[in-house]
Structure formats: structure tokens, C-alpha cells
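*Asks:* Below is one structure. I have some questions about it.
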Amino acid sequence: MWTNWAGNQRTDTPIARPTSIAELQKEIAQPQSLRVLGAGHSFTPIVAGGDRIVDLSDLGLPTLGDARQDQVWVNANARLRDLSPALADKGLAFRNLGDINAQSLAGAVSTATHGTGRELPCLAAEITAARMVGASGDILTTDDIPLEMVQVSLGMLGVLTEAQISVVPKYNLRRQVQLASVEDSLATMHQKWAENRNFEFFCIPFTGKTVELLSRHNGCSRKQSTARFGYDRCKGTETCA
């Protein structure tokens with residue numbers, strides 16, 4: 001039985017695990033409706049609603065492919081937590097990520113997963129080209145389908161196998177986490193968006209308090225922690241939010 005990470009979606013639908021693009025093409029070309037597994041991080045019944053399920057974990061594509069200046073081809077089924085250190089080994093990084101790095105890249109971009117940052121794009125906006133297998137089993141690229149349609153497709157255009165993404169030089173962020181009142185967070189949120197690379201806050205029900213997360217660029221070369229307000233942590237881009 002397949003279940004998502006939250007446990008609110010589950011299904012007994014058979015799961016196919018192709019080991020090559022050719023096997024994937026044959027699987028997709030069958031007539032029954034098909035859903036593709038990512039990391040199961042979504043709350044929605046997208047996967048559980050199909051007649052068949054395909055898992056791309058055994059497809060065997062390399063994590064990283066061709067790299068040209070600020071763009072890199074990557075395995076779209078790779079998890080963000082694996083892509084980030086692979087990019088870091090080449091001195092590169094994602095420009096922006098969400099709080100969770102368990103998703104597959106394809107699942108994250110196809111559902112418009114976002115991070116924070118007033119002037120930073122969401123992850124889907126970093127896709128500059130893609131390769132996919134269409135409903136009839138044919139290989140498609142963004143030469144065949146408009147890029148904007150591929151970036152957030154919910155899997156309706158085909159199975160995303162590889163993506164070219166925009167990247168930036170590797171960097172470090174210092175994250176500060178602190179408690180505040182709901183009133184203070186609401187009153188200062190625009191200022192904190194302007195002053196920080198990333199800013200977000202979460203309300204704690206029935207307390208009148210929020211947890212604020214503020215991130216700024218930092219030049220340090222390794223992780224370290226110090227006590228300040230709540231806590232203040234320097235983190236590399238392989239785990240940054």
C-alpha cells in the first residue's frame with residue numbers, strides 16, 4: 001500500500017518501477033490513467049486517484065547532468081536534499097527553496113512549491129528547459145511544449161524526467177528564529193521582508209505569539225550556532241530554506 005507522508009492519502013493501486021526510459025515509455029503508453037509518485041509530500045489525492053502508479057526511483061538517471069555557467073541539467077526525480085549537496089560539490093546552489101527538502105524536484109515544481117523572499121522566485125520559475133515522456137510514450141521537450149506550461153503542470157502534460165535549472169554560486173545563510181507577538185509580527189512584517197533575504201512567521205494558536213524566521217546572507221564557511229534571542233544558526237545552502 002502506498003501512503004503519503006502525512007498519512008491522509010493511501011491506495012492499493014499497483015506500482016510500476018521502470019528502470020529505463022524505454023520501460024517508462026511502454027508503461028505510460030498503456031491506456032489506463034496513470035499517476036507518478038514524487039516524495040508523497042502533498043496532502044492532495046493526485047496520486048491515489050489513478051488506475052496505475054509509476055515510481056521513477058529506479059530509473060537510473062544521474063543526479064546532475066550537463067552544467068553551463070548558471071544552468072544545470074538535473075534528474076527531475078531526484079530529491080531536493082540530494083540535489084543541493086550535489087550542486088554544492090560544484091560550487092553551486094539553488095537560488096531559493098522551501099522549508100522542506102524531502103520533495104522530488106519534479107513534484108515540487110509541478111505543484112508550485114515556494115520559498116520566501118520578497119524578490120526571490122519560486123522553484124518552478126527556475127526551470128529553463130525540460131525533457132518529459134508524453135501520454136503516448138513519445139519524448140517531449142520544451143521545444144514542443146511552452147516552458148510556462150511545463151513549469152507548473154501537475155503532471156498533466158507527461159512525466160517529467162530531466163530539467164534544466166537556473167543556479168547561483170554557493171552561499172551561506174544565517175537564520176535567526178525568535179518569538180514575537182502577533183501584533184508585532186503584523187506591524188513589522190513589511191520592514192522585515194525588506195531587511196532580510198527571507199522572512200516568514202507562524203502563529204502559535206491560543207498564545208498570541210508567533211515564531212519568526214529571518215535569514216540573511218552570511219560569509220562564514222561552516223555551520224556554527226550561538227545563543228541569541230531564540231537561536232541563531234549559520235547554515236549552508238544544502239539545508240537552507
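Labels for the C-alpha cells follow display order: chains A, B, ..., residues from 1 in each chain, ligands from 1.
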I'd like the neighbourhood of Asp89 (chain A) as a list of chain:residue names, where a residue qualifies if any of its atoms comes within 12 Å (using only C-alpha atoms), though same-chain residues fewer than 2 positions away should be ignored.
*Replies:* A:Leu64, A:Asp82, A:Leu83, A:Ser84, A:Pro85, A:Ala86, A:Leu87, A:Gly91, A:Leu92, A:Ala93, A:Pro169, A:Lys170, A:Gly236, A:Thr237, A:Glu238
*Asks:* Determine which residues of region 42-201 of chain A DSSP labels as alpha helix (DSSP H) from the backbone of this structure, then write them out as a PyMOL selection string.
*Replies:* chain A and resi 80-88+105-110+147-151+182-195
*Asks:* Produce a file of the selected residues containing C-alpha atoms, as a CSV table (one decimal), in the first residue's frame.
*Replies:*
chain,number,residue,atom,x,y,z
A,80,LEU,CA,16.0,18.3,-3.2
A,81,ARG,CA,18.0,17.0,-0.2
A,82,ASP,CA,20.2,15.1,-2.7
A,83,LEU,CA,20.4,17.8,-5.4
A,84,SER,CA,21.6,20.5,-3.0
A,85,PRO,CA,24.8,18.8,-1.8
A,86,ALA,CA,25.5,17.6,-5.4
A,87,LEU,CA,25.3,21.2,-6.6
A,88,ALA,CA,27.4,22.4,-3.6
A,105,LEU,CA,12.3,18.3,-7.9
A,106,ALA,CA,9.5,17.3,-10.3
A,107,GLY,CA,6.9,17.1,-7.6
A,108,ALA,CA,8.0,20.4,-6.1
A,109,VAL,CA,7.9,22.4,-9.3
A,110,SER,CA,4.8,20.7,-10.7
A,147,LEU,CA,8.0,26.4,-20.9
A,148,GLU,CA,5.4,28.1,-18.8
A,149,MET,CA,3.1,25.1,-19.2
A,150,VAL,CA,5.8,22.7,-18.1
A,151,GLN,CA,6.9,24.6,-15.1
A,182,VAL,CA,1.1,38.5,16.7
A,183,GLU,CA,0.7,42.3,16.8
A,184,ASP,CA,4.4,42.9,16.4
A,185,SER,CA,4.8,40.4,13.6
A,186,LEU,CA,1.9,42.0,11.6
A,187,ALA,CA,3.2,45.5,12.3
A,188,THR,CA,6.8,44.8,11.2
A,189,MET,CA,6.4,42.2,8.5
A,190,HIS,CA,6.9,44.6,5.6
A,191,GLN,CA,10.0,46.0,7.2
A,192,LYS,CA,11.4,42.5,7.8
A,193,TRP,CA,10.7,41.5,4.3
A,194,ALA,CA,12.7,44.5,3.1
A,195,GLU,CA,15.6,44.0,5.5
*Asks:* Taking a cut-off of 8 Å and counting only C-alpha atoms, can you build a table that, for each residue of region 156-233 of chain A near region 73-78 of chain A, reports the nearest atom pair and how far apart they are in Å (one decimal), sorted by chain then residue number, as a Markdown table?
*Replies:*
| residue | atom | partner | partner_atom | distance |
| --- | --- | --- | --- | --- |
| A:Leu160 | CA | A:Ala76 | CA | 6.4 |
| A:Thr161 | CA | A:Ala76 | CA | 5.2 |
| A:Glu162 | CA | A:Ala76 | CA | 4.7 |
| A:Ala163 | CA | A:Val74 | CA | 5.5 |
| A:Gln164 | CA | A:Trp73 | CA | 4.1 |
| A:Ile165 | CA | A:Trp73 | CA | 6.4 |
*Asks:* Could you name the residues that touch Arg35 (chain A) at 7 Å or less, counting only C-alpha atoms, but leaving out those on the same chain fewer than 3 positions away, as JSON, numbers by chain?
*Replies:* {"A": [47, 50, 52, 53, 54]}
*Asks:* For CA of His114 (chain A) and CA of Gly98 (chain A), quote the distance in Å rounded to one decimal.
*Replies:*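 Taking CA of His114 (chain A) and CA of Gly98 (chain A), their separation equals 5.5 Å.
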*Asks:* If we count only C-alpha atoms and set the cut-off at 7 Å, which residues sit around region 20-31 of chain A, ignoring sequence neighbours fewer than 2 positions away in its own chain? Please answer as a short mmCIF file (atom, residue, chain, number, x, y, z; two decimals) with N, CA and C atoms, in the first residue's frame.
*Replies:*
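Once everything was written out, this is selection.cif:
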data_model
loop_
_atom_site.label_atom_id
_atom_site.label_comp_id
_atom_site.auth_asym_id
_atom_site.auth_seq_id
_atom_site.Cartn_x
_atom_site.Cartn_y
_atom_site.Cartn_z
N PRO A 18 9.82 1.35 -13.49
CA PRO A 18 10.68 1.19 -14.67
C PRO A 18 12.14 1.50 -14.35
N SER A 33 -5.48 5.27 -16.79
CA SER A 33 -4.96 6.52 -16.24
C SER A 33 -3.77 6.23 -15.33
N LEU A 59 14.86 4.62 -12.04
CA LEU A 59 15.09 4.99 -13.44
C LEU A 59 16.57 5.10 -13.78
N GLY A 60 17.39 5.41 -12.79
CA GLY A 60 18.83 5.35 -13.01
C GLY A 60 19.43 6.55 -13.72
N VAL A 133 8.22 12.51 -20.89
CA VAL A 133 7.59 11.47 -21.70
C VAL A 133 6.11 11.77 -21.74
N ALA A 135 1.95 11.40 -23.11
CA ALA A 135 0.92 10.37 -22.85
C ALA A 135 0.98 9.19 -23.81
N SER A 136 1.50 9.39 -25.01
CA SER A 136 1.61 8.30 -25.98
C SER A 136 2.96 7.60 -25.91
N GLY A 137 3.81 8.03 -24.97
CA GLY A 137 5.12 7.42 -24.82
C GLY A 137 6.21 8.12 -25.58
N ASP A 138 5.88 9.22 -26.27
CA ASP A 138 6.89 9.93 -27.04
C ASP A 138 7.69 10.88 -26.14
#
